[in-house]
$ cat data_19.txt   # compact mmCIF, N, CA and C atoms
# COMPACT_ATOMS: atom_id res chain seq x y z
N MET A 1 -0.97 -8.69 -8.13
CA MET A 1 -1.92 -7.68 -7.73
C MET A 1 -1.87 -6.53 -8.73
N PRO A 2 -3.01 -6.12 -9.26
CA PRO A 2 -3.02 -5.02 -10.23
C PRO A 2 -2.66 -3.70 -9.56
N ILE A 3 -2.09 -2.81 -10.35
CA ILE A 3 -1.71 -1.50 -9.84
C ILE A 3 -2.96 -0.64 -9.74
N ASN A 4 -3.17 -0.06 -8.58
CA ASN A 4 -4.33 0.79 -8.32
C ASN A 4 -3.86 2.24 -8.28
N LYS A 5 -4.28 3.02 -9.29
CA LYS A 5 -3.74 4.38 -9.38
C LYS A 5 -4.21 5.29 -8.26
N SER A 6 -5.37 5.02 -7.64
CA SER A 6 -5.79 5.88 -6.54
C SER A 6 -4.94 5.61 -5.29
N ILE A 7 -4.54 4.37 -5.06
CA ILE A 7 -3.66 4.04 -3.93
C ILE A 7 -2.30 4.67 -4.15
N ILE A 8 -1.78 4.54 -5.37
CA ILE A 8 -0.47 5.12 -5.69
C ILE A 8 -0.51 6.64 -5.53
N ALA A 9 -1.56 7.26 -6.04
CA ALA A 9 -1.69 8.72 -5.94
C ALA A 9 -1.70 9.16 -4.48
N LYS A 10 -2.48 8.46 -3.66
CA LYS A 10 -2.58 8.79 -2.24
C LYS A 10 -1.23 8.61 -1.54
N ASN A 11 -0.55 7.50 -1.82
CA ASN A 11 0.72 7.22 -1.16
C ASN A 11 1.82 8.22 -1.58
N ILE A 12 1.85 8.56 -2.86
CA ILE A 12 2.84 9.54 -3.33
C ILE A 12 2.58 10.89 -2.67
N ARG A 13 1.32 11.31 -2.68
CA ARG A 13 0.96 12.60 -2.08
C ARG A 13 1.32 12.63 -0.58
N GLU A 14 1.01 11.54 0.14
CA GLU A 14 1.33 11.48 1.58
C GLU A 14 2.84 11.55 1.83
N GLU A 15 3.60 10.78 1.06
CA GLU A 15 5.05 10.79 1.24
C GLU A 15 5.63 12.16 0.90
N ARG A 16 5.13 12.76 -0.17
CA ARG A 16 5.63 14.07 -0.59
C ARG A 16 5.28 15.14 0.44
N THR A 17 4.05 15.18 0.89
CA THR A 17 3.63 16.22 1.83
C THR A 17 4.25 16.01 3.22
N ARG A 18 4.51 14.75 3.58
CA ARG A 18 5.17 14.49 4.86
C ARG A 18 6.56 15.13 4.88
N ARG A 19 7.18 15.20 3.72
CA ARG A 19 8.50 15.83 3.61
C ARG A 19 8.41 17.34 3.37
N LYS A 20 7.17 17.82 3.24
CA LYS A 20 6.91 19.23 2.94
C LYS A 20 7.52 19.64 1.60
N TRP A 21 7.45 18.71 0.64
CA TRP A 21 7.95 18.96 -0.71
C TRP A 21 6.80 19.41 -1.60
N SER A 22 7.10 20.29 -2.51
CA SER A 22 6.14 20.64 -3.56
C SER A 22 6.18 19.55 -4.63
N GLN A 23 5.19 19.57 -5.50
CA GLN A 23 5.21 18.64 -6.62
C GLN A 23 6.42 18.91 -7.51
N ALA A 24 6.77 20.17 -7.64
CA ALA A 24 7.92 20.54 -8.47
C ALA A 24 9.23 19.99 -7.89
N LYS A 25 9.37 20.04 -6.57
CA LYS A 25 10.59 19.52 -5.94
C LYS A 25 10.69 18.01 -6.14
N LEU A 26 9.56 17.30 -5.94
CA LEU A 26 9.57 15.85 -6.17
C LEU A 26 9.90 15.55 -7.62
N ALA A 27 9.27 16.28 -8.52
CA ALA A 27 9.51 16.07 -9.95
C ALA A 27 10.99 16.27 -10.29
N ASP A 28 11.58 17.32 -9.74
CA ASP A 28 12.99 17.60 -9.99
C ASP A 28 13.87 16.46 -9.48
N LYS A 29 13.62 16.00 -8.28
CA LYS A 29 14.43 14.93 -7.69
C LYS A 29 14.24 13.59 -8.42
N ALA A 30 13.04 13.39 -8.99
CA ALA A 30 12.75 12.13 -9.69
C ALA A 30 13.08 12.21 -11.18
N GLY A 31 13.41 13.41 -11.67
CA GLY A 31 13.69 13.57 -13.09
C GLY A 31 12.44 13.47 -13.95
N LEU A 32 11.33 13.94 -13.40
CA LEU A 32 10.05 13.93 -14.11
C LEU A 32 9.50 15.36 -14.15
N SER A 33 8.45 15.57 -14.90
CA SER A 33 7.86 16.91 -14.94
C SER A 33 6.88 17.10 -13.78
N ALA A 34 6.78 18.34 -13.32
CA ALA A 34 5.83 18.67 -12.25
C ALA A 34 4.40 18.39 -12.72
N GLN A 35 4.15 18.61 -14.00
CA GLN A 35 2.81 18.36 -14.56
C GLN A 35 2.47 16.87 -14.45
N TYR A 36 3.44 16.01 -14.72
CA TYR A 36 3.22 14.56 -14.63
C TYR A 36 2.92 14.15 -13.18
N ILE A 37 3.67 14.69 -12.22
CA ILE A 37 3.43 14.40 -10.81
C ILE A 37 2.02 14.85 -10.43
N CYS A 38 1.64 16.04 -10.86
CA CYS A 38 0.31 16.56 -10.59
C CYS A 38 -0.77 15.64 -11.16
N GLN A 39 -0.58 15.20 -12.40
CA GLN A 39 -1.56 14.32 -13.04
C GLN A 39 -1.65 12.96 -12.33
N ILE A 40 -0.51 12.46 -11.84
CA ILE A 40 -0.52 11.20 -11.10
C ILE A 40 -1.31 11.37 -9.80
N GLU A 41 -1.01 12.44 -9.06
CA GLU A 41 -1.67 12.66 -7.77
C GLU A 41 -3.17 12.94 -7.93
N LYS A 42 -3.56 13.51 -9.06
CA LYS A 42 -4.98 13.75 -9.32
C LYS A 42 -5.66 12.57 -10.00
N GLU A 43 -4.90 11.49 -10.17
CA GLU A 43 -5.38 10.25 -10.80
C GLU A 43 -5.81 10.46 -12.25
N GLN A 44 -5.19 11.43 -12.92
CA GLN A 44 -5.50 11.70 -14.31
C GLN A 44 -4.63 10.87 -15.25
N LYS A 45 -3.50 10.40 -14.74
CA LYS A 45 -2.57 9.58 -15.53
C LYS A 45 -2.23 8.33 -14.75
N MET A 46 -2.05 7.25 -15.47
CA MET A 46 -1.56 6.02 -14.87
C MET A 46 -0.05 6.11 -14.87
N VAL A 47 0.54 5.94 -13.71
CA VAL A 47 1.98 6.05 -13.58
C VAL A 47 2.65 4.77 -14.08
N SER A 48 3.76 4.91 -14.77
CA SER A 48 4.49 3.74 -15.26
C SER A 48 5.31 3.13 -14.13
N LEU A 49 5.67 1.87 -14.29
CA LEU A 49 6.50 1.21 -13.28
C LEU A 49 7.86 1.90 -13.16
N LYS A 50 8.38 2.35 -14.29
CA LYS A 50 9.66 3.07 -14.28
C LYS A 50 9.54 4.36 -13.47
N ALA A 51 8.44 5.09 -13.65
CA ALA A 51 8.23 6.34 -12.91
C ALA A 51 8.03 6.06 -11.42
N ILE A 52 7.34 4.97 -11.08
CA ILE A 52 7.17 4.60 -9.67
C ILE A 52 8.55 4.41 -9.03
N GLY A 53 9.43 3.72 -9.74
CA GLY A 53 10.78 3.50 -9.24
C GLY A 53 11.53 4.80 -9.04
N ARG A 54 11.41 5.71 -9.99
CA ARG A 54 12.11 7.00 -9.89
C ARG A 54 11.56 7.85 -8.74
N ILE A 55 10.23 7.83 -8.59
CA ILE A 55 9.60 8.59 -7.50
C ILE A 55 9.98 7.98 -6.15
N ALA A 56 9.93 6.66 -6.05
CA ALA A 56 10.31 5.99 -4.80
C ALA A 56 11.76 6.29 -4.44
N ASP A 57 12.65 6.24 -5.42
CA ASP A 57 14.07 6.57 -5.18
C ASP A 57 14.22 8.01 -4.69
N ALA A 58 13.50 8.92 -5.32
CA ALA A 58 13.57 10.33 -4.93
C ALA A 58 13.09 10.53 -3.49
N LEU A 59 12.05 9.77 -3.12
CA LEU A 59 11.49 9.88 -1.76
C LEU A 59 12.28 9.05 -0.74
N GLY A 60 13.13 8.16 -1.25
CA GLY A 60 13.91 7.32 -0.35
C GLY A 60 13.10 6.22 0.30
N VAL A 61 12.12 5.70 -0.44
CA VAL A 61 11.28 4.62 0.09
C VAL A 61 11.26 3.46 -0.90
N PRO A 62 10.94 2.25 -0.43
CA PRO A 62 10.80 1.13 -1.37
C PRO A 62 9.58 1.35 -2.28
N ASN A 63 9.63 0.77 -3.45
CA ASN A 63 8.50 0.89 -4.39
C ASN A 63 7.18 0.49 -3.74
N GLU A 64 7.22 -0.55 -2.89
CA GLU A 64 6.01 -1.07 -2.26
C GLU A 64 5.32 -0.03 -1.39
N THR A 65 6.07 0.91 -0.86
CA THR A 65 5.47 1.98 -0.04
C THR A 65 4.49 2.78 -0.89
N LEU A 66 4.78 2.91 -2.16
CA LEU A 66 3.90 3.69 -3.05
C LEU A 66 2.79 2.84 -3.67
N THR A 67 3.04 1.55 -3.86
CA THR A 67 2.07 0.73 -4.58
C THR A 67 1.14 -0.06 -3.69
N ASP A 68 1.52 -0.29 -2.44
CA ASP A 68 0.71 -1.13 -1.56
C ASP A 68 -0.45 -0.37 -0.94
N ASN A 69 -1.55 -1.09 -0.83
CA ASN A 69 -2.67 -0.61 -0.03
C ASN A 69 -2.43 -1.13 1.37
N HIS A 70 -1.90 -0.28 2.21
CA HIS A 70 -1.51 -0.70 3.55
C HIS A 70 -2.72 -1.07 4.40
N MET A 71 -3.91 -0.75 3.93
CA MET A 71 -5.12 -1.04 4.70
C MET A 71 -5.87 -2.26 4.17
N GLU A 72 -5.40 -2.86 3.10
CA GLU A 72 -6.13 -3.97 2.49
C GLU A 72 -5.85 -5.25 3.27
N SER A 73 -6.79 -5.65 4.08
CA SER A 73 -6.60 -6.82 4.93
C SER A 73 -6.95 -8.09 4.15
N LYS A 74 -6.10 -9.10 4.32
CA LYS A 74 -6.36 -10.38 3.68
C LYS A 74 -7.14 -11.30 4.62
N ASN A 75 -7.38 -10.87 5.85
CA ASN A 75 -8.03 -11.69 6.84
C ASN A 75 -9.10 -10.87 7.55
N PRO A 76 -10.36 -11.30 7.49
CA PRO A 76 -11.43 -10.53 8.13
C PRO A 76 -11.26 -10.42 9.65
N LYS A 77 -10.45 -11.29 10.25
CA LYS A 77 -10.21 -11.23 11.69
C LYS A 77 -9.37 -10.02 12.07
N ASN A 78 -8.79 -9.35 11.09
CA ASN A 78 -7.93 -8.20 11.34
C ASN A 78 -8.69 -6.88 11.39
N TYR A 79 -9.99 -6.94 11.60
CA TYR A 79 -10.82 -5.74 11.58
C TYR A 79 -10.32 -4.68 12.57
N GLU A 80 -10.00 -5.10 13.79
CA GLU A 80 -9.54 -4.14 14.79
C GLU A 80 -8.23 -3.47 14.38
N ILE A 81 -7.35 -4.25 13.81
CA ILE A 81 -6.08 -3.69 13.35
C ILE A 81 -6.34 -2.73 12.19
N ASP A 82 -7.23 -3.12 11.27
CA ASP A 82 -7.57 -2.23 10.15
C ASP A 82 -8.13 -0.91 10.66
N MET A 83 -8.99 -0.98 11.67
CA MET A 83 -9.60 0.23 12.22
C MET A 83 -8.54 1.11 12.91
N LEU A 84 -7.58 0.47 13.57
CA LEU A 84 -6.50 1.22 14.22
C LEU A 84 -5.68 2.00 13.20
N PHE A 85 -5.43 1.38 12.05
CA PHE A 85 -4.60 1.99 11.02
C PHE A 85 -5.39 2.91 10.08
N ASP A 86 -6.70 2.87 10.17
CA ASP A 86 -7.56 3.55 9.20
C ASP A 86 -7.24 5.02 8.99
N ASP A 87 -7.02 5.76 10.06
CA ASP A 87 -6.80 7.20 9.91
C ASP A 87 -5.33 7.59 10.01
N CYS A 88 -4.43 6.62 9.89
CA CYS A 88 -2.99 6.88 9.99
C CYS A 88 -2.39 7.24 8.64
N ASN A 89 -1.40 8.12 8.68
CA ASN A 89 -0.65 8.38 7.45
C ASN A 89 0.43 7.30 7.32
N ILE A 90 1.19 7.32 6.25
CA ILE A 90 2.17 6.28 5.98
C ILE A 90 3.21 6.21 7.10
N TYR A 91 3.68 7.34 7.56
CA TYR A 91 4.69 7.35 8.63
C TYR A 91 4.14 6.69 9.89
N GLU A 92 2.93 7.05 10.28
CA GLU A 92 2.33 6.46 11.48
C GLU A 92 2.14 4.95 11.31
N ARG A 93 1.75 4.52 10.13
CA ARG A 93 1.60 3.09 9.87
C ARG A 93 2.93 2.36 10.02
N GLN A 94 3.99 2.96 9.48
CA GLN A 94 5.31 2.33 9.56
C GLN A 94 5.76 2.22 11.01
N VAL A 95 5.55 3.25 11.81
CA VAL A 95 5.93 3.22 13.22
C VAL A 95 5.13 2.16 13.96
N LEU A 96 3.82 2.14 13.74
CA LEU A 96 2.98 1.13 14.39
C LEU A 96 3.39 -0.29 13.99
N MET A 97 3.71 -0.49 12.73
CA MET A 97 4.13 -1.82 12.29
C MET A 97 5.42 -2.23 12.97
N GLU A 98 6.37 -1.32 13.11
CA GLU A 98 7.62 -1.64 13.80
C GLU A 98 7.36 -1.97 15.26
N LEU A 99 6.45 -1.23 15.90
CA LEU A 99 6.10 -1.53 17.29
C LEU A 99 5.46 -2.91 17.42
N LEU A 100 4.54 -3.22 16.50
CA LEU A 100 3.89 -4.54 16.53
C LEU A 100 4.89 -5.67 16.32
N LYS A 101 5.82 -5.48 15.38
CA LYS A 101 6.84 -6.50 15.13
C LYS A 101 7.70 -6.72 16.37
N SER A 102 8.08 -5.63 17.02
CA SER A 102 8.90 -5.74 18.23
C SER A 102 8.13 -6.42 19.35
N ALA A 103 6.87 -6.05 19.52
CA ALA A 103 6.05 -6.67 20.57
C ALA A 103 5.88 -8.16 20.31
N LYS A 104 5.65 -8.54 19.06
CA LYS A 104 5.51 -9.95 18.70
C LYS A 104 6.79 -10.72 19.03
N LYS A 105 7.91 -10.14 18.68
CA LYS A 105 9.20 -10.79 18.95
C LYS A 105 9.40 -10.99 20.45
N ILE A 106 9.11 -9.97 21.24
CA ILE A 106 9.26 -10.05 22.69
C ILE A 106 8.32 -11.11 23.26
N LEU A 107 7.07 -11.13 22.78
CA LEU A 107 6.12 -12.13 23.25
C LEU A 107 6.61 -13.54 22.96
N ARG A 108 7.14 -13.76 21.79
CA ARG A 108 7.60 -15.10 21.43
C ARG A 108 8.87 -15.49 22.19
N GLU A 109 9.73 -14.52 22.43
CA GLU A 109 10.95 -14.82 23.18
C GLU A 109 10.65 -15.14 24.64
N ASN A 110 9.58 -14.58 25.16
CA ASN A 110 9.23 -14.76 26.56
C ASN A 110 7.97 -15.60 26.74
N ASN A 111 7.66 -16.40 25.75
CA ASN A 111 6.42 -17.18 25.77
C ASN A 111 6.29 -18.03 27.02
N SER A 112 7.36 -18.71 27.43
CA SER A 112 7.28 -19.60 28.59
C SER A 112 6.97 -18.81 29.86
N VAL A 113 7.49 -17.60 29.97
CA VAL A 113 7.21 -16.77 31.14
C VAL A 113 5.73 -16.42 31.19
N TYR A 114 5.16 -16.04 30.04
CA TYR A 114 3.75 -15.65 30.00
C TYR A 114 2.84 -16.85 30.27
N VAL A 115 3.18 -18.00 29.73
CA VAL A 115 2.39 -19.20 29.97
C VAL A 115 2.39 -19.54 31.46
N GLU A 116 3.54 -19.42 32.09
CA GLU A 116 3.66 -19.69 33.52
C GLU A 116 2.83 -18.70 34.33
N LEU A 117 2.90 -17.42 33.97
CA LEU A 117 2.12 -16.39 34.67
C LEU A 117 0.62 -16.64 34.53
N LEU A 118 0.19 -16.99 33.32
CA LEU A 118 -1.23 -17.26 33.09
C LEU A 118 -1.70 -18.46 33.88
N SER A 119 -0.91 -19.51 33.93
CA SER A 119 -1.31 -20.70 34.67
C SER A 119 -1.38 -20.40 36.16
N GLU A 120 -0.49 -19.56 36.69
CA GLU A 120 -0.54 -19.16 38.09
C GLU A 120 -1.83 -18.38 38.38
N ARG A 121 -2.22 -17.49 37.47
CA ARG A 121 -3.46 -16.72 37.66
C ARG A 121 -4.67 -17.63 37.65
N GLU A 122 -4.69 -18.63 36.77
CA GLU A 122 -5.81 -19.55 36.68
C GLU A 122 -5.91 -20.40 37.94
N ASP A 123 -4.78 -20.74 38.53
CA ASP A 123 -4.77 -21.54 39.75
C ASP A 123 -5.40 -20.79 40.92
N LYS A 124 -5.26 -19.46 40.92
CA LYS A 124 -5.80 -18.64 42.01
C LYS A 124 -7.32 -18.52 41.94
N PHE A 125 -7.89 -18.73 40.76
CA PHE A 125 -9.34 -18.57 40.62
C PHE A 125 -9.98 -19.88 40.62

$ encode --input "data_19.txt" --output "structure tokens"
Amino acid sequence: MPINKSIIAKNIREERTRRKWSQAKLADKAGLSAQYICQIEKEQKMVSLKAIGRIADALGVPNETLTDNHMESKNPKNYEIDMLFDDCNIYERQVLMELLKSAKKILRENNSVYVELLSEREDKF
């Protein structure tokens, strides 16, 4: 997947502002210049892979958090999920994803119970 500088800029800005960090603070922690961070966030410069790694380390997130388009659906059937996530920031997306993973696990662990309940409901109608 090619690197999309607007996605990276948006993700860096969201992660930085969620921490209430200035561009200068992020730059200091990543060992980069504040001007470079500003240019990345304004999409004036293409960020290098090395810089992505340094910024991700400074923010304490995996590189993928900065490079992924969390809204890019590979399946058109996911429209409702895409719409749910559409106005979420990165933190909200991460929380929702953890909730969905937990719900999926619970559903699969209790599948036989749900199948039994559904069949009982169908018998009543």

$ residues_around --input "data_19.txt" --residues "segment 20-28 of chain A" --least-positions-apart "6" --cutoff "7 Å" --atoms "only C-alpha atoms" --output "list in words"
Ala34, Ile37, Cys38 and Ala58 of chain A

$ residues_around --input "data_19.txt" --residues "Glu43 of chain A" --least-positions-apart "2" --cutoff "6.5 Å" --atoms "only N, CA and C atoms" --output "PyMOL selection string"
chain A and resi 5-6+9+38-41+45-46

$ atom_distance --input "data_19.txt" --atom1 "atom C of Lys42 of chain A" --atom2 "atom C of Gly60 of chain A"
22.3 Å

$ closest_residue --input "data_19.txt" --among "A:Glu80, A:Asp68, A:Asp87, A:Asp57" --to "Asn4 of chain A" --atoms "only C-alpha atoms"
A:Asp68

$ residues_around --input "data_19.txt" --residues "Leu59 of chain A" --least-positions-apart "5" --cutoff "8 Å" --atoms "all atoms listed in the file" --output "compact mmCIF listing (two decimals) with N, CA and C atoms, in the coordinates of the input"
# COMPACT_ATOMS: atom_id res chain seq x y z
N GLU A 15 3.60 10.78 1.06
CA GLU A 15 5.05 10.79 1.24
C GLU A 15 5.63 12.16 0.90
N ARG A 16 5.13 12.76 -0.17
CA ARG A 16 5.63 14.07 -0.59
C ARG A 16 5.28 15.14 0.44
N LEU A 26 9.56 17.30 -5.94
CA LEU A 26 9.57 15.85 -6.17
C LEU A 26 9.90 15.55 -7.62
N LYS A 29 13.62 16.00 -8.28
CA LYS A 29 14.43 14.93 -7.69
C LYS A 29 14.24 13.59 -8.42
N ALA A 30 13.04 13.39 -8.99
CA ALA A 30 12.75 12.13 -9.69
C ALA A 30 13.08 12.21 -11.18
N GLY A 53 9.43 3.72 -9.74
CA GLY A 53 10.78 3.50 -9.24
C GLY A 53 11.53 4.80 -9.04
N ARG A 54 11.41 5.71 -9.99
CA ARG A 54 12.11 7.00 -9.89
C ARG A 54 11.56 7.85 -8.74

$ closest_residue --input "data_19.txt" --among "A:Asn111, A:Asn11, A:Ser48, A:Ser33" --to "Thr67 of chain A" --atoms "only C-alpha atoms"
A:Asn11

$ select_by_dssp --input "data_19.txt" --residues "chain A" --states "alpha helix (DSSP H)" --output "VMD selection string"
chain A and resid 5 to 18 23 to 30 34 to 41 49 to 59 63 to 67 79 to 85 90 to 109 111 to 124

$ atom_distance --input "data_19.txt" --atom1 "atom CA of Ile7 of chain A" --atom2 "atom CA of Leu99 of chain A"
24.0 Å

$ atom_distance --input "data_19.txt" --atom1 "atom CA of Ile12 of chain A" --atom2 "atom CA of Thr65 of chain A"
8.7 Å

$ residues_around --input "data_19.txt" --residues "segment 89-98 of chain A" --least-positions-apart "4" --cutoff "7 Å" --atoms "all atoms listed in the file" --output "MDAnalysis selection string"
chainID A and resid 14:15 85 102:103

$ write_last_selection --input "data_19.txt" --atoms "N, CA and C atoms" --output "mmCIF file, in the frame of the given file"
data_model
loop_
_atom_site.group_PDB
_atom_site.id
_atom_site.type_symbol
_atom_site.label_atom_id
_atom_site.label_comp_id
_atom_site.auth_asym_id
_atom_site.auth_seq_id
_atom_site.Cartn_x
_atom_site.Cartn_y
_atom_site.Cartn_z
ATOM 1 N N GLU A 14 1.010 11.540 0.140
ATOM 2 C CA GLU A 14 1.330 11.480 1.580
ATOM 3 C C GLU A 14 2.840 11.550 1.830
ATOM 4 N N GLU A 15 3.600 10.780 1.060
ATOM 5 C CA GLU A 15 5.050 10.790 1.240
ATOM 6 C C GLU A 15 5.630 12.160 0.900
ATOM 7 N N PHE A 85 -5.430 1.380 12.050
ATOM 8 C CA PHE A 85 -4.600 1.990 11.020
ATOM 9 C C PHE A 85 -5.390 2.910 10.080
ATOM 10 N N SER A 102 8.080 -5.630 17.020
ATOM 11 C CA SER A 102 8.900 -5.740 18.230
ATOM 12 C C SER A 102 8.130 -6.420 19.350
ATOM 13 N N ALA A 103 6.870 -6.050 19.520
ATOM 14 C CA ALA A 103 6.050 -6.670 20.570
ATOM 15 C C ALA A 103 5.880 -8.160 20.310
#
